[in-house]
file run-v7.csv (CSV, C-alpha atoms)
chain,number,residue,atom,x,y,z
A,1,MET,CA,-73.1,-9.9,93.7
A,2,THR,CA,-72.0,-11.4,90.4
A,3,GLY,CA,-73.0,-14.7,88.9
A,4,PRO,CA,-70.8,-17.3,87.3
A,5,PRO,CA,-68.6,-16.2,84.4
A,6,ALA,CA,-70.0,-16.2,80.9
A,7,GLY,CA,-70.1,-19.7,79.5
A,8,SER,CA,-69.9,-21.3,82.9
A,9,PRO,CA,-71.8,-24.6,83.0
A,10,GLY,CA,-73.1,-23.9,86.6
A,11,ARG,CA,-74.0,-26.9,88.7
A,12,GLY,CA,-73.4,-29.4,85.8
A,13,GLY,CA,-69.9,-27.9,85.5
A,14,ASP,CA,-69.3,-28.3,89.3
A,15,ARG,CA,-70.3,-32.0,89.1
A,16,LEU,CA,-67.9,-32.5,86.1
A,17,ALA,CA,-65.1,-30.7,88.0
A,18,ARG,CA,-65.7,-33.1,91.0
A,19,LEU,CA,-65.6,-36.1,88.7
A,20,ARG,CA,-62.3,-34.9,87.1
A,21,ALA,CA,-60.8,-34.4,90.6
A,22,ARG,CA,-61.8,-37.9,91.7
A,23,ALA,CA,-60.3,-39.4,88.6
A,24,GLY,CA,-57.0,-37.5,89.1
A,25,VAL,CA,-56.8,-36.6,85.4
A,26,PRO,CA,-56.2,-33.1,84.0
A,27,PRO,CA,-58.9,-31.3,81.9
A,28,VAL,CA,-56.9,-31.6,78.6
A,29,VAL,CA,-57.2,-35.4,78.9
A,30,TRP,CA,-60.9,-35.2,79.3
A,31,SER,CA,-61.2,-32.9,76.2
A,32,LEU,CA,-59.1,-35.3,74.1
A,33,GLY,CA,-61.3,-38.1,75.4
A,34,VAL,CA,-64.4,-36.4,74.1
A,35,VAL,CA,-62.7,-35.9,70.7
A,36,SER,CA,-61.8,-39.6,70.6
A,37,LEU,CA,-65.2,-40.7,71.7
A,38,LEU,CA,-66.9,-38.8,68.9
A,39,ALA,CA,-64.3,-39.9,66.3
A,40,ASP,CA,-64.6,-43.6,67.4
A,41,LEU,CA,-68.4,-43.4,67.5
A,42,GLY,CA,-68.4,-42.6,63.8
A,43,SER,CA,-65.4,-44.8,62.9
A,44,GLU,CA,-66.7,-47.9,64.8
A,45,PHE,CA,-70.2,-47.2,63.4
A,46,ALA,CA,-68.6,-47.9,59.9
A,47,TYR,CA,-65.8,-50.2,60.7
A,48,PRO,CA,-67.7,-53.5,61.3
A,49,LEU,CA,-69.7,-52.8,58.1
A,50,VAL,CA,-66.7,-52.3,55.9
A,51,PRO,CA,-65.8,-56.1,55.6
A,52,VAL,CA,-69.5,-56.7,54.6
A,53,PHE,CA,-69.5,-53.7,52.2
A,54,LEU,CA,-66.4,-54.9,50.5
A,55,THR,CA,-67.1,-58.6,50.3
A,56,VAL,CA,-70.9,-58.5,49.7
A,57,THR,CA,-71.8,-55.1,48.1
A,58,LEU,CA,-68.6,-54.8,46.1
A,59,GLY,CA,-67.7,-58.5,45.7
A,60,ALA,CA,-64.1,-58.3,47.0
A,61,SER,CA,-62.3,-61.3,48.5
A,62,PRO,CA,-60.8,-61.6,52.1
A,63,ALA,CA,-57.3,-61.2,50.5
A,64,VAL,CA,-58.4,-57.8,49.1
A,65,LEU,CA,-59.7,-56.9,52.5
A,66,GLY,CA,-56.3,-57.7,54.0
A,67,LEU,CA,-54.6,-55.7,51.3
A,68,ILE,CA,-56.7,-52.6,51.9
A,69,GLU,CA,-56.3,-52.8,55.7
A,70,GLY,CA,-52.5,-53.5,55.4
A,71,LEU,CA,-51.9,-50.6,53.0
A,72,ALA,CA,-54.0,-48.2,55.0
A,73,GLU,CA,-52.2,-49.1,58.3
A,74,GLY,CA,-48.9,-48.9,56.5
A,75,THR,CA,-49.6,-45.4,55.4
A,76,ALA,CA,-50.4,-44.4,59.0
A,77,ALA,CA,-47.2,-46.2,60.1
A,78,ALA,CA,-45.0,-44.1,57.8
A,79,LEU,CA,-46.4,-40.8,59.2
A,80,ARG,CA,-46.6,-41.4,62.9
A,81,PRO,CA,-42.9,-41.2,63.8
A,82,ALA,CA,-42.4,-38.0,61.8
A,83,SER,CA,-45.6,-36.4,63.2
A,84,GLY,CA,-44.5,-37.2,66.8
A,85,ALA,CA,-41.0,-35.8,66.2
A,86,ILE,CA,-42.4,-32.6,64.6
A,87,SER,CA,-44.8,-32.1,67.5
A,88,ASP,CA,-41.8,-32.2,69.9
A,89,ARG,CA,-40.4,-29.1,68.2
A,90,LEU,CA,-43.6,-27.1,68.2
A,91,SER,CA,-45.0,-24.9,71.0
A,92,ARG,CA,-48.4,-26.5,70.5
A,93,ARG,CA,-49.3,-30.0,69.3
A,94,ARG,CA,-53.0,-29.2,68.9
A,95,PRO,CA,-52.9,-28.0,65.2
A,96,LEU,CA,-51.5,-31.4,64.1
A,97,VAL,CA,-54.3,-33.1,66.1
A,98,SER,CA,-57.0,-31.0,64.4
A,99,ALA,CA,-55.5,-31.6,61.0
A,100,GLY,CA,-55.4,-35.3,61.6
A,101,TYR,CA,-59.0,-35.6,62.7
A,102,GLY,CA,-60.0,-33.4,59.7
A,103,LEU,CA,-58.4,-35.7,57.2
A,104,SER,CA,-60.1,-38.7,58.8
A,105,ALA,CA,-63.5,-37.0,58.5
A,106,VAL,CA,-62.8,-36.5,54.7
A,107,GLY,CA,-62.0,-40.2,54.4
A,108,ARG,CA,-65.2,-41.2,56.2
A,109,LEU,CA,-67.3,-39.0,53.8
A,110,LEU,CA,-65.6,-40.6,50.8
A,111,LEU,CA,-66.1,-44.2,51.9
A,112,PRO,CA,-69.9,-44.6,51.1
A,113,LEU,CA,-69.4,-43.1,47.7
A,114,ALA,CA,-66.9,-45.8,46.6
A,115,PRO,CA,-67.9,-47.6,43.3
A,116,GLY,CA,-65.4,-50.3,43.8
A,117,TRP,CA,-62.7,-51.6,46.1
A,118,GLY,CA,-60.1,-49.3,44.7
A,119,ALA,CA,-62.1,-46.3,45.8
A,120,VAL,CA,-62.5,-47.9,49.3
A,121,LEU,CA,-58.7,-48.2,49.4
A,122,ALA,CA,-58.4,-44.4,48.6
A,123,ALA,CA,-60.9,-43.5,51.3
A,124,ARG,CA,-59.1,-45.7,53.8
A,125,LEU,CA,-55.8,-44.1,52.9
A,126,VAL,CA,-57.1,-40.6,53.5
A,127,ASP,CA,-58.6,-41.7,56.8
A,128,ARG,CA,-55.3,-43.4,57.9
A,129,VAL,CA,-53.2,-40.4,56.8
A,130,GLY,CA,-55.3,-38.4,59.3
A,131,LYS,CA,-54.6,-41.1,62.0
A,132,GLY,CA,-50.9,-41.0,61.3
A,133,VAL,CA,-50.8,-37.3,61.7
A,134,ARG,CA,-52.8,-37.0,64.9
A,135,THR,CA,-52.0,-40.1,67.0
A,136,ALA,CA,-48.5,-39.3,68.4
A,137,PRO,CA,-49.1,-35.6,69.0
A,138,ARG,CA,-52.4,-36.4,70.8
A,139,ASP,CA,-50.8,-39.1,73.0
A,140,ALA,CA,-47.9,-36.7,73.7
A,141,MET,CA,-50.3,-34.0,74.8
A,142,ILE,CA,-51.6,-36.4,77.5
A,143,ALA,CA,-48.0,-37.1,78.7
A,144,ASP,CA,-47.3,-33.3,78.7
A,145,ALA,CA,-50.2,-32.7,81.0
A,146,THR,CA,-49.8,-35.7,83.4
A,147,PRO,CA,-47.0,-36.6,85.8
A,148,PRO,CA,-45.3,-40.0,85.1
A,149,GLU,CA,-46.8,-41.7,88.2
A,150,SER,CA,-50.4,-40.9,87.0
A,151,ARG,CA,-50.1,-41.7,83.3
A,152,GLY,CA,-51.6,-45.1,83.6
A,153,ARG,CA,-54.9,-43.6,84.8
A,154,ALA,CA,-54.7,-40.8,82.2
A,155,TYR,CA,-54.2,-43.0,79.3
A,156,GLY,CA,-56.6,-45.5,80.7
A,157,LEU,CA,-59.3,-42.8,81.0
A,158,HIS,CA,-58.6,-41.6,77.4
A,159,ARG,CA,-58.8,-45.2,76.1
A,160,SER,CA,-62.0,-45.8,78.1
A,161,MET,CA,-63.7,-42.7,76.5
A,162,ASP,CA,-62.3,-43.7,73.1
A,163,THR,CA,-63.8,-47.2,73.6
A,164,LEU,CA,-67.2,-45.8,74.7
A,165,GLY,CA,-67.4,-44.4,71.2
A,166,ALA,CA,-66.5,-47.8,69.9
A,167,VAL,CA,-69.4,-49.2,72.0
A,168,GLY,CA,-71.9,-46.7,70.7
A,169,GLY,CA,-70.7,-47.1,67.1
A,170,PRO,CA,-71.7,-50.7,66.6
A,171,LEU,CA,-74.9,-50.2,68.5
A,172,ALA,CA,-75.8,-47.3,66.2
A,173,ALA,CA,-74.9,-49.5,63.3
A,174,LEU,CA,-77.3,-52.2,64.5
A,175,LEU,CA,-80.0,-49.6,64.8
A,176,ALA,CA,-79.3,-48.3,61.4
A,177,LEU,CA,-79.3,-51.8,59.9
A,178,TRP,CA,-82.6,-52.5,61.6
A,179,ALA,CA,-84.2,-49.3,60.3
A,180,LEU,CA,-82.7,-49.2,56.8
A,181,GLY,CA,-81.9,-52.8,56.1
A,182,GLU,CA,-78.6,-54.5,55.1
A,183,GLY,CA,-79.2,-53.6,51.5
A,184,ARG,CA,-78.6,-49.9,52.2
A,185,LEU,CA,-75.1,-50.0,53.5
A,186,ARG,CA,-74.0,-46.9,51.6
A,187,THR,CA,-76.6,-44.8,53.5
A,188,VAL,CA,-75.6,-46.3,56.8
A,189,LEU,CA,-71.9,-45.5,56.1
A,190,LEU,CA,-72.8,-41.9,55.2
A,191,ILE,CA,-74.6,-41.4,58.5
A,192,ALA,CA,-71.5,-42.8,60.3
A,193,ALA,CA,-69.5,-39.8,59.1
A,194,ILE,CA,-71.5,-37.3,61.1
A,195,PRO,CA,-69.9,-37.8,64.6
A,196,VAL,CA,-66.4,-37.9,62.9
A,197,VAL,CA,-67.0,-34.4,61.5
A,198,ALA,CA,-68.2,-33.2,65.0
A,199,SER,CA,-65.0,-34.5,66.6
A,200,VAL,CA,-63.0,-32.1,64.4
A,201,ALA,CA,-64.9,-29.1,65.7
A,202,VAL,CA,-64.2,-30.1,69.3
A,203,THR,CA,-60.5,-30.2,68.7
A,204,PHE,CA,-60.5,-26.4,68.2
A,205,ARG,CA,-61.9,-25.9,71.7
A,206,ILE,CA,-59.0,-27.8,73.4
A,207,ARG,CA,-57.0,-25.5,75.7
A,208,GLU,CA,-53.5,-26.7,75.4
A,209,PRO,CA,-50.9,-24.8,77.5
A,210,ARG,CA,-48.0,-23.5,75.6
A,211,ARG,CA,-45.0,-25.5,76.4
A,212,ARG,CA,-41.2,-25.3,76.2
A,213,THR,CA,-39.9,-26.8,72.9
A,214,THR,CA,-36.6,-28.4,72.1
A,215,ARG,CA,-35.7,-25.8,69.5
A,216,ARG,CA,-33.7,-22.7,70.5
A,217,ARG,CA,-34.4,-19.4,68.8
A,218,GLY,CA,-32.0,-18.7,66.0
A,219,ALA,CA,-30.1,-22.0,66.3
A,220,ASP,CA,-30.4,-25.7,65.4
A,221,ASP,CA,-31.3,-28.1,68.2
A,222,GLY,CA,-28.4,-29.2,70.4
A,223,PRO,CA,-27.7,-32.8,71.2
A,224,ARG,CA,-30.6,-34.6,72.8
A,225,PRO,CA,-30.5,-37.6,75.0
A,226,PRO,CA,-30.9,-40.9,73.0
A,227,LEU,CA,-33.9,-43.2,73.5
A,228,PRO,CA,-32.7,-45.8,76.1
A,229,GLY,CA,-31.9,-49.4,75.3
A,230,ARG,CA,-34.9,-50.7,77.2
A,231,PHE,CA,-37.2,-48.7,74.9
A,232,TRP,CA,-35.8,-50.6,71.9
A,233,VAL,CA,-36.1,-54.0,73.6
A,234,PHE,CA,-39.7,-53.2,74.5
A,235,LEU,CA,-40.4,-52.1,71.0
A,236,ALA,CA,-38.9,-55.3,69.5
A,237,GLY,CA,-41.0,-57.5,71.8
A,238,TRP,CA,-44.1,-55.5,71.0
A,239,ALA,CA,-43.4,-55.7,67.2
A,240,LEU,CA,-43.2,-59.5,67.4
A,241,PHE,CA,-46.6,-59.6,69.0
A,242,ALA,CA,-48.1,-57.0,66.6
A,243,VAL,CA,-46.9,-58.8,63.5
A,244,GLY,CA,-49.5,-61.5,64.3
A,245,ASN,CA,-52.2,-59.0,65.4
A,246,SER,CA,-54.2,-58.8,62.2
A,247,SER,CA,-57.0,-56.3,61.6
A,248,ASP,CA,-60.1,-56.7,63.8
A,249,ALA,CA,-61.9,-56.8,60.5
A,250,PHE,CA,-61.0,-60.5,60.4
A,251,LEU,CA,-62.5,-61.1,63.8
A,252,ILE,CA,-65.7,-59.5,62.5
A,253,LEU,CA,-65.6,-61.6,59.3
A,254,ARG,CA,-65.1,-64.7,61.4
A,255,ALA,CA,-68.0,-63.8,63.7
A,256,GLN,CA,-70.2,-63.3,60.6
A,257,GLU,CA,-69.3,-66.8,59.4
A,258,LEU,CA,-69.9,-68.5,62.7
A,259,LEU,CA,-72.9,-66.5,63.9
A,260,GLY,CA,-74.7,-66.3,60.5
A,261,SER,CA,-75.4,-62.6,60.0
A,262,ALA,CA,-73.8,-59.1,59.8
A,263,ALA,CA,-76.0,-57.9,62.7
A,264,ALA,CA,-74.8,-60.7,65.0
A,265,ALA,CA,-71.2,-59.9,64.0
A,266,VAL,CA,-71.7,-56.3,64.8
A,267,ALA,CA,-73.2,-57.2,68.2
A,268,ALA,CA,-70.2,-59.4,69.0
A,269,TYR,CA,-67.9,-56.5,68.1
A,270,ALA,CA,-69.9,-54.2,70.4
A,271,LEU,CA,-69.5,-56.7,73.2
A,272,PHE,CA,-65.7,-56.6,73.3
A,273,ASN,CA,-65.8,-52.8,73.1
A,274,VAL,CA,-68.1,-52.7,76.1
A,275,VAL,CA,-65.7,-54.8,78.1
A,276,ALA,CA,-62.7,-52.6,77.0
A,277,ALA,CA,-64.6,-49.4,77.9
A,278,VAL,CA,-65.4,-50.6,81.4
A,279,ALA,CA,-62.0,-52.1,82.1
A,280,SER,CA,-59.5,-49.6,80.6
A,281,PHE,CA,-59.5,-47.0,83.4
A,282,PRO,CA,-59.2,-49.6,86.2
A,283,ALA,CA,-56.4,-51.3,84.2
A,284,GLY,CA,-54.6,-48.0,83.9
A,285,VAL,CA,-54.9,-47.3,87.7
A,286,LEU,CA,-53.7,-50.9,88.4
A,287,SER,CA,-50.6,-50.2,86.2
A,288,ASP,CA,-49.8,-47.1,88.2
A,289,ARG,CA,-49.8,-49.2,91.4
A,290,VAL,CA,-48.1,-52.4,90.4
A,291,GLY,CA,-46.1,-51.4,87.3
A,292,ARG,CA,-46.8,-51.8,83.6
A,293,ARG,CA,-45.3,-55.3,83.1
A,294,ILE,CA,-48.0,-57.3,84.8
A,295,PRO,CA,-51.0,-55.9,82.9
A,296,LEU,CA,-49.1,-56.0,79.6
A,297,LEU,CA,-48.1,-59.7,80.0
A,298,ALA,CA,-51.6,-60.6,81.2
A,299,GLY,CA,-53.1,-58.8,78.2
A,300,LEU,CA,-50.9,-60.6,75.7
A,301,GLY,CA,-51.8,-63.9,77.3
A,302,VAL,CA,-55.5,-63.2,77.0
A,303,PHE,CA,-55.0,-62.2,73.3
A,304,ALA,CA,-53.2,-65.5,72.6
A,305,ALA,CA,-56.0,-67.5,74.2
A,306,VAL,CA,-58.7,-65.6,72.3
A,307,TYR,CA,-57.0,-66.1,68.9
A,308,ALA,CA,-56.5,-69.8,69.7
A,309,ALA,CA,-60.2,-70.1,70.5
A,310,VAL,CA,-61.4,-68.3,67.5
A,311,ALA,CA,-59.1,-70.4,65.3
A,312,ALA,CA,-60.9,-73.5,66.6
A,313,ALA,CA,-64.4,-72.3,65.4
A,314,PRO,CA,-66.0,-72.6,68.8
A,315,PRO,CA,-69.8,-72.8,69.4
A,316,ARG,CA,-71.7,-69.5,69.8
A,317,PRO,CA,-71.4,-69.2,73.6
A,318,LEU,CA,-67.7,-69.7,73.6
A,319,LEU,CA,-67.2,-67.4,70.7
A,320,LEU,CA,-69.1,-64.6,72.5
A,321,ALA,CA,-67.0,-65.3,75.6
A,322,ALA,CA,-63.8,-65.0,73.4
A,323,PHE,CA,-65.0,-61.6,72.1
A,324,ALA,CA,-65.6,-60.4,75.7
A,325,ALA,CA,-62.2,-61.6,76.7
A,326,TYR,CA,-60.7,-59.7,73.7
A,327,GLY,CA,-62.1,-56.5,75.3
A,328,LEU,CA,-60.1,-57.3,78.4
A,329,TYR,CA,-56.9,-57.7,76.3
A,330,LEU,CA,-57.5,-54.2,74.9
A,331,ALA,CA,-58.0,-52.7,78.3
A,332,LEU,CA,-54.8,-54.3,79.7
A,333,THR,CA,-52.6,-53.2,76.8
A,334,ASP,CA,-53.8,-50.2,74.9
A,335,GLY,CA,-53.4,-47.4,77.4
A,336,VAL,CA,-50.8,-49.2,79.5
A,337,SER,CA,-48.4,-49.6,76.6
A,338,ARG,CA,-48.7,-45.8,75.9
A,339,ALA,CA,-48.1,-45.0,79.5
A,340,LEU,CA,-45.0,-47.2,79.5
A,341,VAL,CA,-43.5,-45.6,76.3
A,342,SER,CA,-44.1,-42.1,77.6
A,343,THR,CA,-42.1,-42.9,80.8
A,344,LEU,CA,-39.3,-44.7,78.9
A,345,ALA,CA,-38.7,-41.6,76.7
A,346,PRO,CA,-36.3,-38.9,77.9
A,347,ALA,CA,-37.6,-35.3,78.2
A,348,GLY,CA,-38.1,-33.6,74.8
A,349,ARG,CA,-38.5,-36.9,72.9
A,350,THR,CA,-41.9,-38.0,74.2
A,351,GLY,CA,-43.7,-37.4,70.9
A,352,GLU,CA,-40.9,-39.1,68.9
A,353,ALA,CA,-41.0,-42.2,71.1
A,354,LEU,CA,-44.8,-42.4,71.0
A,355,GLY,CA,-44.7,-41.9,67.2
A,356,LEU,CA,-42.1,-44.7,66.8
A,357,PHE,CA,-44.2,-47.0,69.0
A,358,ALA,CA,-47.4,-46.2,67.0
A,359,GLY,CA,-45.5,-46.4,63.7
A,360,VAL,CA,-44.0,-49.8,64.5
A,361,THR,CA,-47.3,-51.1,65.7
A,362,ALA,CA,-49.0,-50.0,62.5
A,363,ALA,CA,-46.2,-51.3,60.3
A,364,ALA,CA,-46.5,-54.7,61.9
A,365,ALA,CA,-50.2,-54.5,61.3
A,366,VAL,CA,-49.5,-54.3,57.5
A,367,THR,CA,-47.7,-57.7,57.6
A,368,ALA,CA,-50.4,-59.1,59.9
A,369,SER,CA,-53.3,-58.0,57.8
A,370,VAL,CA,-51.9,-58.8,54.4
A,371,GLY,CA,-50.5,-62.1,55.7
A,372,GLY,CA,-53.7,-62.9,57.5
A,373,GLY,CA,-55.8,-62.4,54.4
A,374,LEU,CA,-53.5,-64.7,52.3
A,375,LEU,CA,-53.5,-67.4,55.0
A,376,TRP,CA,-57.3,-67.1,55.2
A,377,ASP,CA,-57.7,-67.5,51.4
A,378,ARG,CA,-55.2,-70.3,50.9
A,379,LEU,CA,-55.3,-72.3,54.2
A,380,GLY,CA,-58.4,-71.1,56.1
A,381,PRO,CA,-59.2,-68.8,58.9
A,382,GLY,CA,-57.8,-71.1,61.6
A,383,TRP,CA,-54.3,-70.4,60.3
A,384,THR,CA,-54.8,-66.6,60.4
A,385,PHE,CA,-55.8,-66.7,64.1
A,386,GLY,CA,-53.4,-69.6,65.1
A,387,ALA,CA,-50.4,-67.7,63.8
A,388,GLY,CA,-51.5,-64.6,65.8
A,389,ALA,CA,-51.7,-66.7,69.0
A,390,VAL,CA,-48.2,-68.1,68.5
A,391,LEU,CA,-46.7,-64.7,67.8
A,392,ALA,CA,-48.4,-63.1,70.8
A,393,ALA,CA,-46.9,-65.8,73.1
A,394,ALA,CA,-43.5,-65.1,71.5
A,395,GLY,CA,-43.8,-61.4,72.0
A,396,ALA,CA,-44.9,-61.9,75.6
A,397,ALA,CA,-41.7,-63.9,76.2
A,398,VAL,CA,-39.5,-61.0,75.0
A,399,LEU,CA,-41.5,-58.5,77.1
A,400,ALA,CA,-41.1,-60.7,80.2
A,401,ALA,CA,-37.3,-60.3,79.9
A,402,CYS,CA,-37.5,-56.6,79.0
A,403,PRO,CA,-35.6,-54.3,81.5
A,404,MET,CA,-38.4,-51.7,81.8
A,405,GLY,CA,-36.6,-49.8,84.5
A,406,PRO,CA,-37.5,-48.3,87.8
A,407,ALA,CA,-39.4,-45.2,86.4
A,408,VAL,CA,-42.2,-47.4,85.1
A,409,GLY,CA,-45.2,-47.8,87.2
A,410,ALA,CA,-45.1,-48.5,90.9
A,411,ARG,CA,-41.7,-49.1,92.5

call {"tool": "encode", "arguments": {"input": "run-v7.csv", "output": "structure tokens"}}
result
Amino acid sequence: MTGPPAGSPGRGGDRLARLRARAGVPPVVWSLGVVSLLADLGSEFAYPLVPVFLTVTLGASPAVLGLIEGLAEGTAAALRPASGAISDRLSRRRPLVSAGYGLSAVGRLLLPLAPGWGAVLAARLVDRVGKGVRTAPRDAMIADATPPESRGRAYGLHRSMDTLGAVGGPLAALLALWALGEGRLRTVLLIAAIPVVASVAVTFRIREPRRRTTRRRGADDGPRPPLPGRFWVFLAGWALFAVGNSSDAFLILRAQELLGSAAAAVAAYALFNVVAAVASFPAGVLSDRVGRRIPLLAGLGVFAAVYAAVAAAPPRPLLLAAFAAYGLYLALTDGVSRALVSTLAPAGRTGEALGLFAGVTAAAAVTASVGGGLLWDRLGPGWTFGAGAVLAAAGAAVLAACPMGPAVGAR
């Protein structure tokens, strides 16, 4: 009688297999979820501290913060469409995913060594180059492994695991701040790089099935079906919203102002990530059942309400409620929008469509972050968040009229 195969996890593996079966999500999605969890654990460990590191330790202004975030996201935006299109032509997308996470690890290691804001910009650029390389191929891997009618739950589970890392990161940052003190931010940021490095190692263990590519041996690609009109209408509405969706660094900076400490701001940041982690998978399942439109429009409505509330400088209880609601916005839009794009794209162009979506989102974030920083400096934070609320409402109006088509969500 033989035992389980070498490397078998035994009873623990059986329980994991049962959990996967109940979730209705293929193993590659779980593996990518682990990678994202580790990467976000390190990234979100550092992220809420970067505004404080820049403005307090290095003496930069909110406008510089907006410039850095805008340029970093702009770099990622320029790479995402090309990376997605290239991955459509490869038999495996995983090498691009590994390379992207590797570059992000390098950027995270460089950040705590920065002597000034210029070096912070360089570290953020390396990090965002990695994100630009990996995002579309990773999201396309999920679509490759999942039938269209289940993609809401697949992307929802991935975003939930990603956001679990975003929950653990700020909590780890709070612990590190308590243990080391707010005067040792460089050491805390160096510790934050450890899980990001670990995420790179996990990517090499992902078992991605070889797939059929769009390139024929010995010949150039033949004509491919164009991206449909409803994809471009959706993208236009989403871009209108995204151009007012400034970096979350501004929310953290606002929380620090209103709550009075870096630790309290990090705790508020952790709160909205807890809500997003809990709600992302149910939101994805809901979108499989009722269609993508309802969750997306609800999410943009919540976003507009949150930004309007933060603009008004509410008292502490209402500010914390707004941060919790912001997590609900993330759950209703983050995975659902990816699921929608993957079903709008024709066969053979999934990576390209997801890359365009991610690229336009990041490009709009450049305007949002740079503009938000300038508005903050010249007119005050209320203008930064007020503009975001108005643009979210305008984007929702476009998406409400978007012909998303019968292939999206439940019919």

call {"tool": "closest_residue", "arguments": {"input": "run-v7.csv", "among": "A:Leu332, A:Leu253, A:Ile194, A:Ala392", "to": "A:Gly42", "atoms": "only C-alpha atoms"}}
result
A:Ile194

call {"tool": "atom_distance", "arguments": {"input": "run-v7.csv", "atom1": "atom CA of A:Leu375", "atom2": "atom CA of A:Ala313"}}
result
15.8 Å

call {"tool": "closest_atom_pairs", "arguments": {"input": "run-v7.csv", "of": "stretch 267-299 of chain A", "to": "stretch 134-152 of chain A", "cutoff": "6 Å", "atoms": "only C-alpha atoms", "output": "Markdown table"}}
result
| residue | atom | partner | partner_atom | distance |
| --- | --- | --- | --- | --- |
| A:Gly284 | CA | A:Gly152 | CA | 4.2 |
| A:Val285 | CA | A:Gly152 | CA | 5.7 |
| A:Ser287 | CA | A:Gly152 | CA | 5.8 |
| A:Asp288 | CA | A:Gly152 | CA | 5.3 |

call {"tool": "residues_near_point", "arguments": {"input": "run-v7.csv", "point": "(-41.0, -56.8, 65.2)", "cutoff": "12 Å", "atoms": "only C-alpha atoms", "output": "PyMOL selection string"}}
result
chain A and resi 232-245+357+359-368+391-392+394-395+398

call {"tool": "closest_atom_pairs", "arguments": {"input": "run-v7.csv", "of": "stretch 161-218 of chain A", "to": "stretch 25-30 of chain A", "cutoff": "12 Å", "atoms": "only C-alpha atoms", "output": "CSV"}}
result
residue,atom,partner,partner_atom,distance
A:Met161,CA,A:Trp30,CA,8.5
A:Asp162,CA,A:Trp30,CA,10.6
A:Val202,CA,A:Trp30,CA,11.7
A:Thr203,CA,A:Val28,CA,10.6
A:Arg205,CA,A:Val28,CA,10.3
A:Ile206,CA,A:Val28,CA,6.8
A:Arg207,CA,A:Val28,CA,6.8
A:Glu208,CA,A:Val28,CA,6.8
A:Pro209,CA,A:Val28,CA,9.1

call {"tool": "closest_residue", "arguments": {"input": "run-v7.csv", "among": "A:Ala78, A:Ala265, A:Leu113, A:Leu38", "to": "A:Gly169", "atoms": "all atoms listed in the file"}}
result
A:Leu38

call {"tool": "residues_around", "arguments": {"input": "run-v7.csv", "residues": "A:Ala276", "least_positions_apart": "5", "cutoff": "10 Å", "atoms": "all atoms listed in the file", "output": "ChimeraX atom specification"}}
result
/A:159-164,166-167,270-271,281,283,324-332,334

call {"tool": "atom_distance", "arguments": {"input": "run-v7.csv", "atom1": "atom CA of A:Val52", "atom2": "atom CA of A:Leu103"}}
result
23.9 Å

call {"tool": "closest_residue", "arguments": {"input": "run-v7.csv", "among": "A:Ala201, A:Val310, A:Val278, A:Val56", "to": "A:Ala255", "atoms": "all atoms listed in the file"}}
result
A:Val310

call {"tool": "closest_residue", "arguments": {"input": "run-v7.csv", "among": "A:Ile294, A:Ala321, A:Val133, A:Ala311", "to": "A:Ile86", "atoms": "only C-alpha atoms"}}
result
A:Val133

call {"tool": "atom_distance", "arguments": {"input": "run-v7.csv", "atom1": "atom CA of A:Ala173", "atom2": "atom CA of A:Ala264"}}
result
11.3 Å

call {"tool": "closest_residue", "arguments": {"input": "run-v7.csv", "among": "A:Ser337, A:Ser91, A:Ser104, A:Ser98", "to": "A:Phe231", "atoms": "all atoms listed in the file"}}
result
A:Ser337

call {"tool": "closest_residue", "arguments": {"input": "run-v7.csv", "among": "A:Leu379, A:Gly372, A:Arg349, A:Pro282", "to": "A:Ala154", "atoms": "all atoms listed in the file"}}
result
A:Pro282

call {"tool": "residues_near_point", "arguments": {"input": "run-v7.csv", "point": "(-56.9, -56.2, 52.8)", "cutoff": "9 Å", "atoms": "all atoms listed in the file", "output": "count of residues only"}}
result
19

call {"tool": "build_atoms", "arguments": {"input": "run-v7.csv", "residues": "stretch 278-285 of chain A", "atoms": "N, CA and C atoms", "output": "CSV table (one decimal), in the frame of the given file"}}
result
chain,number,residue,atom,x,y,z
A,278,VAL,N,-65.2,-50.5,79.9
A,278,VAL,CA,-65.4,-50.6,81.4
A,278,VAL,C,-64.1,-50.9,82.1
A,279,ALA,N,-63.2,-51.6,81.5
A,279,ALA,CA,-62.0,-52.1,82.1
A,279,ALA,C,-60.8,-51.2,81.9
A,280,SER,N,-60.8,-50.3,80.9
A,280,SER,CA,-59.5,-49.6,80.6
A,280,SER,C,-59.0,-48.7,81.7
A,281,PHE,N,-59.9,-47.9,82.3
A,281,PHE,CA,-59.5,-47.0,83.4
A,281,PHE,C,-59.0,-47.8,84.6
A,282,PRO,N,-59.7,-48.8,85.1
A,282,PRO,CA,-59.2,-49.6,86.2
A,282,PRO,C,-57.8,-50.3,85.8
A,283,ALA,N,-57.7,-50.7,84.6
A,283,ALA,CA,-56.4,-51.3,84.2
A,283,ALA,C,-55.3,-50.3,84.3
A,284,GLY,N,-55.6,-49.0,83.9
A,284,GLY,CA,-54.6,-48.0,83.9
A,284,GLY,C,-54.2,-47.6,85.4
A,285,VAL,N,-55.2,-47.6,86.3
A,285,VAL,CA,-54.9,-47.3,87.7
A,285,VAL,C,-54.1,-48.5,88.3
